[in-house]
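Visitor: my_file_29.pdb is the file, holding PDB, C-alpha atoms, pLDDT in the B column:
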ATOM      1  CA  MET A  31      43.775  68.983  73.375  1.00 85.00           C
ATOM      2  CA  LEU A  32      39.996  68.967  73.717  1.00 87.00           C
ATOM      3  CA  ILE A  33      38.760  68.911  77.295  1.00 87.00           C
ATOM      4  CA  GLU A  34      35.461  67.065  76.931  1.00 85.00           C
ATOM      5  CA  ILE A  35      32.412  67.472  79.145  1.00 82.00           C
ATOM      6  CA  ARG A  36      31.702  63.714  78.930  1.00 86.00           C
ATOM      7  CA  GLU A  37      35.062  62.903  80.482  1.00 88.00           C
ATOM      8  CA  LEU A  38      34.772  65.658  83.101  1.00 86.00           C
ATOM      9  CA  GLU A  39      31.428  64.199  84.208  1.00 85.00           C
ATOM     10  CA  LEU A  40      33.325  61.042  85.189  1.00 88.00           C
ATOM     11  CA  HIS A  41      36.403  62.595  86.808  1.00 91.00           C
ATOM     12  CA  PRO A  42      38.658  65.708  86.798  1.00 92.00           C
ATOM     13  CA  VAL A  43      41.224  65.776  83.996  1.00 92.00           C
ATOM     14  CA  ASP A  44      44.857  66.581  84.713  1.00 94.00           C
ATOM     15  CA  PHE A  45      46.800  67.986  81.783  1.00 93.00           C
ATOM     16  CA  LYS A  46      50.427  68.578  80.977  1.00 95.00           C
ATOM     17  CA  GLU A  47      50.797  69.766  77.392  1.00 93.00           C
ATOM     18  CA  GLU A  48      53.604  71.273  75.373  1.00 93.00           C
ATOM     19  CA  PHE A  49      52.985  73.228  72.158  1.00 93.00           C
ATOM     20  CA  GLU A  50      55.945  73.745  69.861  1.00 93.00           C
ATOM     21  CA  PRO A  51      56.610  77.212  68.365  1.00 91.00           C
ATOM     22  CA  GLY A  52      54.111  77.918  65.608  1.00 87.00           C
ATOM     23  CA  ALA A  53      51.466  75.483  66.889  1.00 90.00           C
ATOM     24  CA  VAL A  54      49.474  78.278  68.571  1.00 89.00           C
ATOM     25  CA  ASP A  55      48.742  81.407  66.507  1.00 89.00           C
ATOM     26  CA  LEU A  56      49.881  84.474  68.459  1.00 89.00           C
ATOM     27  CA  GLY A  57      49.651  86.962  65.605  1.00 87.00           C
ATOM     28  CA  PRO A  58      52.226  88.400  63.214  1.00 88.00           C
ATOM     29  CA  ASP A  59      54.209  90.475  65.752  1.00 87.00           C
ATOM     30  CA  ILE A  60      54.820  87.749  68.338  1.00 91.00           C
ATOM     31  CA  GLN A  61      57.114  84.773  67.772  1.00 92.00           C
ATOM     32  CA  GLN A  62      57.294  81.891  70.201  1.00 93.00           C
ATOM     33  CA  ARG A  63      60.926  80.949  70.996  1.00 93.00           C
ATOM     34  CA  THR A  64      60.413  78.011  73.325  1.00 94.00           C
ATOM     35  CA  PRO A  65      57.591  75.495  73.658  1.00 94.00           C
ATOM     36  CA  LEU A  66      54.441  76.753  75.376  1.00 94.00           C
ATOM     37  CA  LYS A  67      54.068  74.544  78.443  1.00 95.00           C
ATOM     38  CA  GLY A  68      50.732  74.271  80.186  1.00 94.00           C
ATOM     39  CA  ALA A  69      49.951  72.095  83.185  1.00 95.00           C
ATOM     40  CA  GLY A  70      47.010  71.910  85.535  1.00 95.00           C
ATOM     41  CA  ARG A  71      43.588  70.448  86.141  1.00 94.00           C
ATOM     42  CA  ALA A  72      40.179  70.746  84.514  1.00 93.00           C
ATOM     43  CA  GLN A  73      37.058  69.863  86.442  1.00 92.00           C
ATOM     44  CA  LEU A  74      33.321  70.156  86.023  1.00 88.00           C
ATOM     45  CA  VAL A  75      31.502  72.609  88.254  1.00 86.00           C
ATOM     46  CA  GLU A  76      27.768  72.076  88.258  1.00 81.00           C
ATOM     47  CA  GLU A  77      25.881  75.241  89.067  1.00 75.00           C
ATOM     48  CA  HIS A  78      22.169  75.014  89.874  1.00 68.00           C
ATOM     49  CA  HIS A  79      19.928  77.781  88.556  1.00 63.00           C
ATOM     50  CA  GLY A  80      16.441  77.226  89.824  1.00 64.00           C
ATOM     51  CA  LYS A  81      14.654  73.950  90.361  1.00 68.00           C
ATOM     52  CA  HIS A  82      15.191  72.278  86.996  1.00 68.00           C
ATOM     53  CA  LYS A  83      18.152  74.035  85.415  1.00 72.00           C
ATOM     54  CA  SER A  84      21.816  73.386  86.012  1.00 73.00           C
ATOM     55  CA  LEU A  85      24.874  74.647  84.146  1.00 77.00           C
ATOM     56  CA  LYS A  86      27.972  72.578  83.524  1.00 81.00           C
ATOM     57  CA  ASP A  87      30.876  74.982  83.856  1.00 86.00           C
ATOM     58  CA  ILE A  88      34.471  73.982  83.229  1.00 88.00           C
ATOM     59  CA  ARG A  89      36.997  75.179  85.799  1.00 91.00           C
ATOM     60  CA  LEU A  90      40.536  75.289  84.468  1.00 93.00           C
ATOM     61  CA  GLN A  91      43.378  75.790  86.954  1.00 93.00           C
ATOM     62  CA  GLY A  92      47.065  75.675  86.180  1.00 95.00           C
ATOM     63  CA  GLN A  93      50.121  77.518  84.959  1.00 96.00           C
ATOM     64  CA  LEU A  94      51.811  78.250  81.662  1.00 95.00           C
ATOM     65  CA  SER A  95      55.302  79.270  80.609  1.00 95.00           C
ATOM     66  CA  THR A  96      57.148  80.139  77.412  1.00 95.00           C
ATOM     67  CA  SER A  97      59.595  82.636  75.955  1.00 95.00           C
ATOM     68  CA  LEU A  98      58.591  85.057  73.195  1.00 94.00           C
ATOM     69  CA  ASP A  99      60.344  87.254  70.648  1.00 93.00           C
ATOM     70  CA  LEU A 100      58.676  90.667  70.442  1.00 93.00           C
ATOM     71  CA  TYR A 101      59.464  94.132  69.102  1.00 93.00           C
ATOM     72  CA  CYS A 102      59.900  97.300  71.133  1.00 94.00           C
ATOM     73  CA  ALA A 103      56.928  99.634  70.628  1.00 93.00           C
ATOM     74  CA  ARG A 104      59.240 102.683  70.508  1.00 93.00           C
ATOM     75  CA  CYS A 105      62.346 101.678  68.528  1.00 93.00           C
ATOM     76  CA  LEU A 106      61.174  98.425  66.860  1.00 93.00           C
ATOM     77  CA  GLU A 107      64.255  96.518  68.048  1.00 93.00           C
ATOM     78  CA  PRO A 108      63.681  92.808  68.753  1.00 93.00           C
ATOM     79  CA  LEU A 109      63.602  91.670  72.365  1.00 92.00           C
ATOM     80  CA  SER A 110      62.897  88.474  74.256  1.00 93.00           C
ATOM     81  CA  GLN A 111      60.445  88.105  77.125  1.00 92.00           C
ATOM     82  CA  ASP A 112      59.840  85.140  79.410  1.00 93.00           C
ATOM     83  CA  ILE A 113      56.218  84.569  80.397  1.00 93.00           C
ATOM     84  CA  LYS A 114      55.039  82.614  83.441  1.00 95.00           C
ATOM     85  CA  ARG A 115      51.453  82.828  84.559  1.00 93.00           C
ATOM     86  CA  ASP A 116      49.097  81.022  86.920  1.00 94.00           C
ATOM     87  CA  PHE A 117      45.433  80.907  85.960  1.00 92.00           C
ATOM     88  CA  ASP A 118      42.096  79.931  87.462  1.00 92.00           C
ATOM     89  CA  LEU A 119      39.387  80.169  84.808  1.00 90.00           C
ATOM     90  CA  LEU A 120      35.706  79.393  84.547  1.00 90.00           C
ATOM     91  CA  TYR A 121      34.049  78.548  81.220  1.00 88.00           C
ATOM     92  CA  ARG A 122      30.269  78.369  80.800  1.00 84.00           C
ATOM     93  CA  PRO A 123      28.322  76.875  77.868  1.00 81.00           C
ATOM     94  CA  LEU A 124      27.744  79.465  75.128  1.00 77.00           C
ATOM     95  CA  GLY A 125      24.189  80.793  75.319  1.00 71.00           C
ATOM     96  CA  ALA A 126      23.678  79.749  78.946  1.00 64.00           C
ATOM     97  CA  ASP A 127      23.156  83.369  79.971  1.00 59.00           C
ATOM     98  CA  ALA A 128      20.866  84.174  77.022  1.00 57.00           C
ATOM     99  CA  GLY A 129      17.319  85.258  77.769  1.00 57.00           C
ATOM    100  CA  LYS A 130      18.144  86.790  81.133  1.00 63.00           C
ATOM    101  CA  PRO A 131      17.131  90.399  81.708  1.00 62.00           C
ATOM    102  CA  GLU A 132      19.968  92.856  81.233  1.00 62.00           C
ATOM    103  CA  THR A 133      21.935  93.491  84.389  1.00 57.00           C
ATOM    104  CA  PRO A 134      25.212  95.296  85.014  1.00 57.00           C
ATOM    105  CA  VAL A 135      28.281  93.115  84.558  1.00 55.00           C
ATOM    106  CA  SER A 136      29.884  92.314  87.884  1.00 51.00           C
ATOM    107  CA  SER A 137      33.588  91.629  88.308  1.00 52.00           C
ATOM    108  CA  THR A 138      32.744  87.931  88.725  1.00 54.00           C
ATOM    109  CA  ASP A 139      30.843  87.871  85.405  1.00 54.00           C
ATOM    110  CA  ALA A 140      33.806  89.474  83.658  1.00 59.00           C
ATOM    111  CA  GLU A 141      35.943  86.497  84.691  1.00 72.00           C
ATOM    112  CA  ILE A 142      33.726  83.951  82.890  1.00 81.00           C
ATOM    113  CA  GLY A 143      34.590  82.661  79.425  1.00 84.00           C
ATOM    114  CA  TYR A 144      32.381  80.563  77.166  1.00 83.00           C
ATOM    115  CA  TYR A 145      32.794  77.254  75.380  1.00 83.00           C
ATOM    116  CA  GLN A 146      30.788  75.786  72.544  1.00 82.00           C
ATOM    117  CA  GLY A 147      29.962  72.203  71.718  1.00 82.00           C
ATOM    118  CA  GLU A 148      31.184  69.206  73.684  1.00 85.00           C
ATOM    119  CA  GLY A 149      34.177  70.833  75.322  1.00 84.00           C
ATOM    120  CA  LEU A 150      36.963  73.368  75.463  1.00 88.00           C
ATOM    121  CA  LEU A 151      40.192  73.522  73.451  1.00 89.00           C
ATOM    122  CA  LEU A 152      43.097  73.876  75.852  1.00 90.00           C
ATOM    123  CA  GLU A 153      45.144  75.688  73.175  1.00 91.00           C
ATOM    124  CA  ASP A 154      42.560  78.480  73.011  1.00 90.00           C
ATOM    125  CA  ALA A 155      42.566  78.992  76.776  1.00 91.00           C
ATOM    126  CA  LEU A 156      46.387  79.031  76.939  1.00 93.00           C
ATOM    127  CA  ARG A 157      46.628  81.413  73.964  1.00 92.00           C
ATOM    128  CA  GLU A 158      44.220  83.826  75.645  1.00 91.00           C
ATOM    129  CA  GLN A 159      46.146  83.725  78.937  1.00 92.00           C
ATOM    130  CA  LEU A 160      49.465  84.188  77.168  1.00 92.00           C
ATOM    131  CA  LEU A 161      48.236  87.280  75.312  1.00 91.00           C
ATOM    132  CA  LEU A 162      46.758  88.695  78.527  1.00 91.00           C
ATOM    133  CA  ALA A 163      50.133  88.259  80.254  1.00 91.00           C
ATOM    134  CA  LEU A 164      51.815  90.640  77.778  1.00 90.00           C
ATOM    135  CA  PRO A 165      51.991  94.355  78.561  1.00 88.00           C
ATOM    136  CA  LEU A 166      50.020  96.661  76.243  1.00 89.00           C
ATOM    137  CA  LYS A 167      53.244  98.264  75.039  1.00 91.00           C
ATOM    138  CA  VAL A 168      56.405  96.230  75.170  1.00 91.00           C
ATOM    139  CA  ILE A 169      59.509  98.399  75.439  1.00 92.00           C
ATOM    140  CA  CYS A 170      63.160  97.353  75.390  1.00 92.00           C
ATOM    141  CA  ARG A 171      64.082  99.612  78.301  1.00 92.00           C
ATOM    142  CA  GLU A 172      62.442 102.383  80.297  1.00 92.00           C
ATOM    143  CA  ASP A 173      64.535 105.196  78.761  1.00 93.00           C
ATOM    144  CA  CYS A 174      64.102 104.051  75.124  1.00 93.00           C
ATOM    145  CA  LYS A 175      64.201 107.132  72.868  1.00 92.00           C
ATOM    146  CA  GLY A 176      62.413 105.475  69.947  1.00 91.00           C
ATOM    147  CA  LEU A 177      62.668 106.429  66.289  1.00 92.00           C
ATOM    148  CA  CYS A 178      63.066 109.888  64.757  1.00 89.00           C
ATOM    149  CA  PRO A 179      59.681 110.847  63.294  1.00 86.00           C
ATOM    150  CA  GLN A 180      61.385 112.527  60.297  1.00 85.00           C
ATOM    151  CA  CYS A 181      64.135 110.148  59.150  1.00 87.00           C
ATOM    152  CA  GLY A 182      63.314 106.970  61.124  1.00 86.00           C
ATOM    153  CA  LYS A 183      66.755 106.522  62.740  1.00 91.00           C
ATOM    154  CA  ASN A 184      66.916 104.672  66.031  1.00 91.00           C
ATOM    155  CA  LEU A 185      67.717 107.460  68.524  1.00 91.00           C
ATOM    156  CA  ASN A 186      69.152 104.929  70.998  1.00 91.00           C
ATOM    157  CA  VAL A 187      71.941 104.094  68.530  1.00 91.00           C
ATOM    158  CA  GLU A 188      72.675 107.439  66.887  1.00 89.00           C
ATOM    159  CA  GLN A 189      71.524 111.015  66.967  1.00 88.00           C
ATOM    160  CA  CYS A 190      69.940 112.219  63.748  1.00 85.00           C
ATOM    161  CA  SER A 191      70.613 115.539  62.059  1.00 84.00           C
ATOM    162  CA  CYS A 192      66.986 116.378  61.334  1.00 82.00           C
ATOM    163  CA  ALA A 193      65.876 119.952  61.887  1.00 72.00           C
ATOM    164  CA  GLU A 194      63.385 120.737  64.604  1.00 71.00           C
ATOM    165  CA  PRO A 195      59.903 119.815  63.466  1.00 65.00           C
ATOM    166  CA  VAL A 196      58.108 122.556  61.578  1.00 68.00           C
ATOM    167  CA  GLU A 197      55.080 123.893  63.400  1.00 76.00           C
ATOM    168  CA  ASP A 198      51.725 122.997  61.887  1.00 80.00           C
ATOM    169  CA  PRO A 199      50.120 126.249  60.601  1.00 82.00           C
ATOM    170  CA  ARG A 200      46.678 125.023  61.660  1.00 87.00           C
ATOM    171  CA  TRP A 201      47.658 125.591  65.288  1.00 86.00           C
ATOM    172  CA  SER A 202      48.815 129.186  64.788  1.00 87.00           C
ATOM    173  CA  ALA A 203      45.418 130.719  65.688  1.00 89.00           C
ATOM    174  CA  LEU A 204      45.402 128.897  69.023  1.00 90.00           C
ATOM    175  CA  LYS A 205      49.019 129.915  69.662  1.00 89.00           C
ATOM    176  CA  GLU A 206      48.094 133.576  69.122  1.00 90.00           C
ATOM    177  CA  ILE A 207      45.245 133.281  71.636  1.00 93.00           C
ATOM    178  CA  ARG A 208      47.587 131.655  74.181  1.00 90.00           C
ATOM    179  CA  ASP A 209      50.148 134.427  73.668  1.00 90.00           C
ATOM    180  CA  LYS A 210      47.461 137.095  74.254  1.00 91.00           C
ATOM    181  CA  LEU A 211      46.314 135.363  77.443  1.00 91.00           C
ATOM    182  CA  ASP A 212      49.895 135.114  78.718  1.00 87.00           C
ATOM    183  CA  HIS A 213      50.461 138.870  78.331  1.00 80.00           C
TER     184      HIS A 213
END
Mind turning the file's structure into structure tokens?
Guide:
Amino acid sequence: MLIEIRELELHPVDFKEEFEPGAVDLGPDIQQRTPLKGAGRAQLVEEHHGKHKSLKDIRLQGQLSTSLDLYCARCLEPLSQDIKRDFDLLYRPLGADAGKPETPVSSTDAEIGYYQGEGLLLEDALREQLLLALPLKVICREDCKGLCPQCGKNLNVEQCSCAEPVEDPRWSALKEIRDKLDH
């Protein structure tokens, strides 16, 4: 769904969209189990910069929800995660901030996204918010033991019979120094 500036100039746009699994690209490691539902309101926020310049920002407020199939970062077992997120976003025309002298980025500036052309694709905004809602490392449970680095067995399911890891000889000089300092 394209949220067009022309329409926003006339009135705010309410949206209630549903994207079936596979309609929004989330990358190879994330599979969408249920439809991605997004609902909310888009409105035009006119911001005056000086006497003759005004910016037409798009404010997008709403919520999204879906369920995803992911893989544990430690043991690679599949797991399901429900996502629900409220959002309040501001999008500015691309290039609107060009030509300004360099200034430090404030926390408010970090919250601004950019759109190009005659509007904003709702799918792109929802995709971004969905990916931001995910933790950096998804784990199946807090005490997940992961995989054995030697044989690759899932240590949550079975204990492996691998020997203790062999010490890297490149560290032996540092180990000798530590031993001397300890004595």
Visitor: Skip Glu77 of chain A itself and residues of its chain fewer than 2 positions away, then list as a list of chain:residue names all residues within 8 Å of it, counting only C-alpha atoms.
Guide: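 Here the qualifying residues turn out to be A:Val75, A:His79, A:Ser84, A:Leu85, A:Lys86, A:Asp87.
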Visitor: To one decimal place in Å, what is the distance between atom CA of Ile33 of chain A and atom CA of Ile60 of chain A?
Guide: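 A separation of 26.3 Å between them.
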Visitor: What separation in Å, quoted to one decimal, exists between atom CA of Ala72 of chain A and atom CA of Gly143 of chain A?
Guide: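 Atom-to-atom, atom CA of Ala72 of chain A to atom CA of Gly143 of chain A, that is 14.1 Å.
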Visitor: Considering all atoms listed in the file, return as a list in words whatever protein or nucleic-acid residues lie within 8 Å of segment 106-120 of chain A, sequence-local ones (same chain, fewer than 4 positions apart) excluded.
Guide: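 Here the qualifying residues turn out to be Asp87, Ile88, Arg89, Leu90, Gln91, Gly92, Gln93, Leu94, Ser95, Thr96, Ser97, Leu98, Asp99, Leu100, Tyr101, Cys102, Glu141, Ile142, Gly143, Gln159, Leu160, Ala163, Leu164, Cys170 and Gly176 of chain A.
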Visitor: Which is closer to Val54 of chain A than all the others in A:Leu150, A:Ala203, A:Leu161, A:Ala103, using only C-alpha atoms?
Guide: A:Leu161
Visitor: With distances taken over only C-alpha atoms, which of A:Asp44, A:Ala69, A:Gly149, A:Cys190 is nearest to Leu32 of chain A?
Guide: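 Ranked by minimum distance to Leu32 of chain A, first place goes to A:Gly149.
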Visitor: Here's a test: counting all atoms listed in the file, identify every protein, DNA and RNA residue with an atom at most 9 Å from (55.8, 84.6, 64.5) in the file's coordinate frame, and state them as a ChimeraX atom specification.
Guide: /A:51-52,55-62,99-100
Visitor: So how far away is atom CA of Arg71 of chain A from atom CA of Tyr144 of chain A, in Å?
Guide: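 For atom CA of Tyr144 of chain A relative to atom CA of Arg71 of chain A, the distance reads 17.6 Å.
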Visitor: Write out as a list in words each polymer residue whose atoms come within 10 Å of Glu50 of chain A, counting only C-alpha atoms; drop sequence neighbours fewer than 5 positions from it.
Guide: Gln62, Arg63, Thr64, Pro65, Leu66, Lys67 and Thr96 of chain A
Visitor: For a quick check of understanding, using only C-alpha atoms, which of A:Gly182, A:Gly147, A:Gly68, A:Pro42 has the smallest distance to Arg104 of chain A?
Guide: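 Among the listed residues, A:Gly182 lies closest to Arg104 of chain A.
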Visitor: Nearest residue to Cys178 of chain A out of A:Leu40, A:Cys105, A:Met31, A:Ala53, using all atoms listed in the file?
Guide: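 For Cys178 of chain A, the nearest of the candidates is A:Cys105.
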Visitor: Output segment 86-107 of chain A as an mmCIF file, in the coordinates of the input, making sure N, CA and C atoms are there.
Guide:
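Saved the output as result_12.cif:
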data_model
loop_
_atom_site.group_PDB
_atom_site.id
_atom_site.type_symbol
_atom_site.label_atom_id
_atom_site.label_comp_id
_atom_site.auth_asym_id
_atom_site.auth_seq_id
_atom_site.Cartn_x
_atom_site.Cartn_y
_atom_site.Cartn_z
ATOM 1 N N LYS A 86 26.731 73.335 83.379
ATOM 2 C CA LYS A 86 27.972 72.578 83.524
ATOM 3 C C LYS A 86 29.130 73.471 83.106
ATOM 4 N N ASP A 87 29.731 74.107 84.092
ATOM 5 C CA ASP A 87 30.876 74.982 83.856
ATOM 6 C C ASP A 87 32.159 74.161 83.933
ATOM 7 N N ILE A 88 33.150 74.611 83.182
ATOM 8 C CA ILE A 88 34.471 73.982 83.229
ATOM 9 C C ILE A 88 35.399 74.921 83.991
ATOM 10 N N ARG A 89 36.003 74.407 85.053
ATOM 11 C CA ARG A 89 36.997 75.179 85.799
ATOM 12 C C ARG A 89 38.370 74.678 85.394
ATOM 13 N N LEU A 90 39.200 75.605 84.961
ATOM 14 C CA LEU A 90 40.536 75.289 84.468
ATOM 15 C C LEU A 90 41.545 75.997 85.367
ATOM 16 N N GLN A 91 42.358 75.229 86.074
ATOM 17 C CA GLN A 91 43.378 75.790 86.954
ATOM 18 C C GLN A 91 44.736 75.268 86.514
ATOM 19 N N GLY A 92 45.736 76.131 86.531
ATOM 20 C CA GLY A 92 47.065 75.675 86.180
ATOM 21 C C GLY A 92 48.040 76.810 85.996
ATOM 22 N N GLN A 93 49.096 76.519 85.249
ATOM 23 C CA GLN A 93 50.121 77.518 84.959
ATOM 24 C C GLN A 93 50.655 77.282 83.548
ATOM 25 N N LEU A 94 51.196 78.341 82.986
ATOM 26 C CA LEU A 94 51.811 78.250 81.662
ATOM 27 C C LEU A 94 53.143 78.964 81.682
ATOM 28 N N SER A 95 54.008 78.596 80.735
ATOM 29 C CA SER A 95 55.302 79.270 80.609
ATOM 30 C C SER A 95 55.803 79.122 79.182
ATOM 31 N N THR A 96 56.502 80.139 78.720
ATOM 32 C CA THR A 96 57.148 80.139 77.412
ATOM 33 C C THR A 96 58.062 81.351 77.329
ATOM 34 N N SER A 97 58.761 81.478 76.237
ATOM 35 C CA SER A 97 59.595 82.636 75.955
ATOM 36 C C SER A 97 59.209 83.140 74.571
ATOM 37 N N LEU A 98 59.061 84.462 74.440
ATOM 38 C CA LEU A 98 58.591 85.057 73.195
ATOM 39 C C LEU A 98 59.595 86.060 72.643
ATOM 40 N N ASP A 99 59.619 86.188 71.321
ATOM 41 C CA ASP A 99 60.344 87.254 70.648
ATOM 42 C C ASP A 99 59.327 88.311 70.249
ATOM 43 N N LEU A 100 59.576 89.552 70.698
ATOM 44 C CA LEU A 100 58.676 90.667 70.442
ATOM 45 C C LEU A 100 59.478 91.828 69.871
ATOM 46 N N TYR A 101 58.802 92.922 69.572
ATOM 47 C CA TYR A 101 59.464 94.132 69.102
ATOM 48 C C TYR A 101 59.111 95.291 70.016
ATOM 49 N N CYS A 102 60.101 96.120 70.300
ATOM 50 C CA CYS A 102 59.900 97.300 71.133
ATOM 51 C C CYS A 102 58.905 98.237 70.437
ATOM 52 N N ALA A 103 57.942 98.753 71.190
ATOM 53 C CA ALA A 103 56.928 99.634 70.628
ATOM 54 C C ALA A 103 57.486 101.010 70.273
ATOM 55 N N ARG A 104 58.661 101.364 70.789
ATOM 56 C CA ARG A 104 59.240 102.683 70.508
ATOM 57 C C ARG A 104 60.296 102.649 69.408
ATOM 58 N N CYS A 105 61.223 101.679 69.474
ATOM 59 C CA CYS A 105 62.346 101.678 68.528
ATOM 60 C C CYS A 105 62.305 100.492 67.556
ATOM 61 N N LEU A 106 61.368 99.590 67.725
ATOM 62 C CA LEU A 106 61.174 98.425 66.860
ATOM 63 C C LEU A 106 62.313 97.413 66.893
ATOM 64 N N GLU A 107 63.187 97.493 67.897
ATOM 65 C CA GLU A 107 64.255 96.518 68.048
ATOM 66 C C GLU A 107 63.675 95.225 68.629
#
